[in-house]
Amino acid sequence: MASFEERVAILKEKAKQVRFNIVDMIHAAQSGHPGGSLSAADIVTALYFDVLKIDPNKPRDPERDRFVLSKGHACPVWYASLALRGYFPVAELRSLRQFETRLQGHPVSGKLPGIDATTGSLGVGFSQAVGMALEGRMLKKSYKVWAVLGDGELQEGLVWEAAASAAKYRLDNLTAMVDNNGLQNDGFSKDVMPMEPIDEKFRAFGWTVACIDGHKMEEVLAALERARAHAGGTPFCIVAKTVKGRGVSFMENVRGWHGKPPSDAEYAQAVKEIGGGLK
C-alpha cells in the first residue's frame, strides 16, 4: 500500500498527462473548452486514479461509484481521464468533436464507456447526481456519487433546488465539488452574478463543506478521502479554489480561453509548459 505522499506524487504526474491530452485533443479538433477542463484536472485526476471505486472492464457495474461532470462543456478532462484509466484507447481522444465520434462536444451517456450522465445544460448534471444518490440510498447500495460543478453554474436555480433536495433526503453518499475558477464565458463570475460565499451557501442548505486549494494535490486528495469517509446524514461539498487554464501560462485566468482552441504555436508552447505529460 503506497503512502499518502507516494500517492500524491503519482497523481501529480497523472495530472500532467491529463493536461497534455486536454490540450492535444482540443488542438486536434480545433474546437473545445480548454480553460475549465484544465482548472478541474487535479480534482478529476485524483478521483479517477485514486478515489473512485470503478473498474474499466466493468463500466456498468451496478456497484460502481458514479461520476457526473455537471459542467459538461469541460468534457475533455473527463475524456482524458477515462482514456488514461483504460476505458477506451488514448488515440481515440483525437476524434473529439469529429463527425460521428463517440467523444461529443458534451458528454452523452451510452455513447462512451464510463459516461454515467448526459450533461451540458448547466445544473442538469448535478440534479441527475442527486437522483443517483437517492436511488443508491433507496436500494441500500454502498456506492458514492461524485459531481463536479463550475462556479458559474451555481447561478442556475435548479442547482439550489437539487442542493435542498440532497439535504432533505440526507444524502451523505453524495459529494459535490465546485471548480471555483472565478471565470465563465461572459466574464468574471463575480461580475456576471456573484455567488460568494459559496461555502456558506451550501452550509445554509444543510451541507457539510470543506474549502481547499484545488491545485494542491495534497489538499485535493485529503478532502476527497474525507468525503469518502463522510457519514452523518448530510451531503458533502468541496469548494476548490482553482485557476482557469491552470498549467498553461497564457491561458491562466484569461476569459478568452473558455472555449477556444490553441494555434500550432500556442499548442507547442502549452506542451512544453506541461512537460511531463509527454512521457
# chains A, B, ... in the order shown; residues from 1 in each chain; ligands from 1
>>> residues_around(residues="segment 148-162 of chain A", least_positions_apart="2", cutoff="6 Å", atoms="only C-alpha atoms", output="PyMOL selection string")
chain A and resi 69-71+122-123+127+164-165+176-180+184+189
>>> residues_around(residues="Ser81 of chain A", least_positions_apart="4", cutoff="10 Å", atoms="only C-alpha atoms", output="list of chain:residue names")
A:Lys14, A:Ala15, A:Gln17, A:Val18, A:Arg19, A:Asn21, A:Ile22, A:Ala41, A:Val44, A:Thr45, A:Ala46, A:Leu47, A:Tyr48, A:Phe49, A:Cys75, A:Pro76, A:Val77, A:Arg85, A:Gly86, A:Tyr87, A:Val90
>>> write_last_selection(atoms="C-alpha atoms", output="PDB file, in the first residue's frame")
ATOM      1  CA  LYS A  14      -1.032  11.720 -13.891  1.00  0.00           C
ATOM      2  CA  ALA A  15      -2.416  15.261 -13.829  1.00  0.00           C
ATOM      3  CA  GLN A  17      -0.717  13.518 -18.613  1.00  0.00           C
ATOM      4  CA  VAL A  18      -4.367  14.565 -18.324  1.00  0.00           C
ATOM      5  CA  ARG A  19      -3.486  18.195 -19.059  1.00  0.00           C
ATOM      6  CA  ASN A  21      -4.251  15.189 -23.515  1.00  0.00           C
ATOM      7  CA  ILE A  22      -6.736  18.007 -22.901  1.00  0.00           C
ATOM      8  CA  ALA A  41      -7.754  18.499 -13.961  1.00  0.00           C
ATOM      9  CA  VAL A  44     -10.753  14.723 -11.717  1.00  0.00           C
ATOM     10  CA  THR A  45      -7.318  13.079 -11.819  1.00  0.00           C
ATOM     11  CA  ALA A  46      -7.397  12.364  -8.087  1.00  0.00           C
ATOM     12  CA  LEU A  47     -10.864  10.875  -8.417  1.00  0.00           C
ATOM     13  CA  TYR A  48     -10.123   8.588 -11.354  1.00  0.00           C
ATOM     14  CA  PHE A  49      -6.670   7.419 -10.332  1.00  0.00           C
ATOM     15  CA  CYS A  75     -15.624  17.095 -21.008  1.00  0.00           C
ATOM     16  CA  PRO A  76     -12.021  16.966 -22.334  1.00  0.00           C
ATOM     17  CA  VAL A  77     -10.870  16.486 -18.721  1.00  0.00           C
ATOM     18  CA  ARG A  85      -7.697   4.913 -16.917  1.00  0.00           C
ATOM     19  CA  GLY A  86      -8.324   2.318 -19.637  1.00  0.00           C
ATOM     20  CA  TYR A  87     -11.953   2.803 -20.646  1.00  0.00           C
ATOM     21  CA  VAL A  90      -5.963   7.067 -25.751  1.00  0.00           C
TER      22      VAL A  90
END
>>> atom_distance(atom1="atom CA of Glu13 of chain A", atom2="atom CA of Val243 of chain A")
18.6 Å
>>> select_by_dssp(residues="segment 56-245 of chain A", states="strand (DSSP E or B)", output="PyMOL selection string")
chain A and resi 66-69+145-150+174-180+183-184+187-188+208-213+236-241
>>> residues_around(residues="Glu252 of chain A", least_positions_apart="6", cutoff="10 Å", atoms="only C-alpha atoms", output="short mmCIF file (atom, residue, chain, number, x, y, z; two decimals) with N, CA and C atoms, in the first residue's frame")
data_model
loop_
_atom_site.label_atom_id
_atom_site.label_comp_id
_atom_site.auth_asym_id
_atom_site.auth_seq_id
_atom_site.Cartn_x
_atom_site.Cartn_y
_atom_site.Cartn_z
N GLY A 35 -10.06 26.04 -20.90
CA GLY A 35 -9.90 26.72 -19.62
C GLY A 35 -10.47 25.96 -18.44
N LEU A 38 -8.83 22.42 -17.83
CA LEU A 38 -7.54 22.46 -17.13
C LEU A 38 -7.70 22.80 -15.66
N SER A 39 -8.67 23.66 -15.32
CA SER A 39 -8.85 24.03 -13.91
C SER A 39 -9.34 22.86 -13.08
N ASN A 181 -13.11 28.61 -10.30
CA ASN A 181 -12.03 29.29 -11.02
C ASN A 181 -12.31 30.76 -11.29
N VAL A 243 -7.65 27.88 -10.82
CA VAL A 243 -7.30 28.89 -11.82
C VAL A 243 -7.70 28.37 -13.19
N LYS A 244 -8.51 29.13 -13.89
CA LYS A 244 -8.92 28.71 -15.23
C LYS A 244 -7.68 28.62 -16.13
N GLY A 245 -7.57 27.52 -16.87
CA GLY A 245 -6.42 27.33 -17.74
C GLY A 245 -5.16 26.88 -17.03
N ARG A 246 -5.29 26.38 -15.80
CA ARG A 246 -4.13 26.03 -14.98
C ARG A 246 -3.15 25.09 -15.71
#
>>> closest_atom_pairs(of="segment 121-168 of chain A", to="segment 224-229 of chain A", cutoff="12 Å", atoms="only C-alpha atoms", output="JSON lines")
{"residue": "A:Ser142", "atom": "CA", "partner": "A:Arg228", "partner_atom": "CA", "distance": 10.9}
{"residue": "A:Tyr143", "atom": "CA", "partner": "A:Arg228", "partner_atom": "CA", "distance": 9.9}
{"residue": "A:Lys144", "atom": "CA", "partner": "A:Arg228", "partner_atom": "CA", "distance": 7.5}
{"residue": "A:Val145", "atom": "CA", "partner": "A:Arg228", "partner_atom": "CA", "distance": 9.7}
{"residue": "A:Trp146", "atom": "CA", "partner": "A:Ala227", "partner_atom": "CA", "distance": 9.5}
{"residue": "A:Ala147", "atom": "CA", "partner": "A:Leu224", "partner_atom": "CA", "distance": 11.9}
>>> residues_around(residues="Ala74 of chain A", least_positions_apart="2", cutoff="6 Å", atoms="only C-alpha atoms", output="ChimeraX atom specification")
/A:33,36-37,72,76
>>> write_last_selection(atoms="N, CA and C atoms", output="tab-separated table (two decimals), in the first residue's frame")
chain	number	residue	atom	x	y	z
A	33	HIS	N	-13.19	23.38	-25.06
A	33	HIS	CA	-13.12	24.27	-23.91
A	33	HIS	C	-11.91	23.93	-23.05
A	36	GLY	N	-11.74	25.61	-18.51
A	36	GLY	CA	-12.40	24.91	-17.42
A	36	GLY	C	-12.02	23.45	-17.32
A	37	SER	N	-11.51	22.87	-18.42
A	37	SER	CA	-11.00	21.50	-18.36
A	37	SER	C	-9.70	21.46	-17.57
A	72	GLY	N	-20.65	20.17	-18.30
A	72	GLY	CA	-20.34	19.23	-19.37
A	72	GLY	C	-19.44	19.75	-20.47
A	76	PRO	N	-13.37	17.48	-22.06
A	76	PRO	CA	-12.02	16.97	-22.33
A	76	PRO	C	-11.30	16.42	-21.10
>>> closest_residue(among="A:Ile238, A:Leu11, A:Val23, A:Leu96", to="Asp264 of chain A", atoms="only C-alpha atoms")
A:Val23
>>> residues_around(residues="Arg60 of chain A", least_positions_apart="3", cutoff="9 Å", atoms="only C-alpha atoms", output="PyMOL selection string")
chain A and resi 55+57+63-64+113-114+116
>>> write_last_selection(atoms="C-alpha atoms", output="PDB file, in the first residue's frame")
ATOM      1  CA  ASP A  55     -13.405  -0.991 -12.952  1.00  0.00           C
ATOM      2  CA  ASN A  57     -13.542  -3.630 -17.551  1.00  0.00           C
ATOM      3  CA  GLU A  63     -21.909  -1.383  -7.504  1.00  0.00           C
ATOM      4  CA  ARG A  64     -19.545   1.189  -9.066  1.00  0.00           C
ATOM      5  CA  PRO A 113     -17.867   3.669 -21.688  1.00  0.00           C
ATOM      6  CA  GLY A 114     -17.719   5.339 -18.298  1.00  0.00           C
ATOM      7  CA  ASP A 116     -22.862   7.943 -16.444  1.00  0.00           C
TER       8      ASP A 116
END
>>> closest_residue(among="A:Gly105, A:Gly256, A:Gly214, A:Pro62", to="Ile26 of chain A", atoms="only C-alpha atoms")
A:Gly105
>>> atom_distance(atom1="atom CA of Pro194 of chain A", atom2="atom CA of Lys216 of chain A")
25.0 Å
>>> closest_residue(among="A:Leu103, A:Ala270, A:Ile115, A:Leu183", to="Gly247 of chain A", atoms="only C-alpha atoms")
A:Ala270
>>> residues_around(residues="Glu5 of chain A", least_positions_apart="6", cutoff="12 Å", atoms="only C-alpha atoms", output="list of chain:residue names")
A:Leu11, A:Lys12, A:Met217, A:Glu218, A:Glu219, A:Leu221, A:Ala222
>>> write_last_selection(atoms="C-alpha atoms", output="compact mmCIF listing (two decimals), in the first residue's frame")
# COMPACT_ATOMS: atom_id res chain seq x y z
CA LEU A 11 -1.31 11.84 -9.01
CA LYS A 12 0.78 14.92 -9.84
CA MET A 217 -2.82 17.65 -4.73
CA GLU A 218 -2.25 17.04 -1.03
CA GLU A 219 -5.34 19.08 -0.19
CA LEU A 221 -6.68 14.01 -2.04
CA ALA A 222 -7.21 14.67 1.68
>>> closest_residue(among="A:Ala210, A:Phe67, A:His230, A:Val108", to="Asp172 of chain A", atoms="only C-alpha atoms")
A:His230
>>> atom_distance(atom1="atom CA of Lys201 of chain A", atom2="atom CA of Arg66 of chain A")
24.6 Å
>>> residues_around(residues="Val209 of chain A", least_positions_apart="3", cutoff="8 Å", atoms="only C-alpha atoms", output="ChimeraX atom specification")
/A:199,202-203,236-239
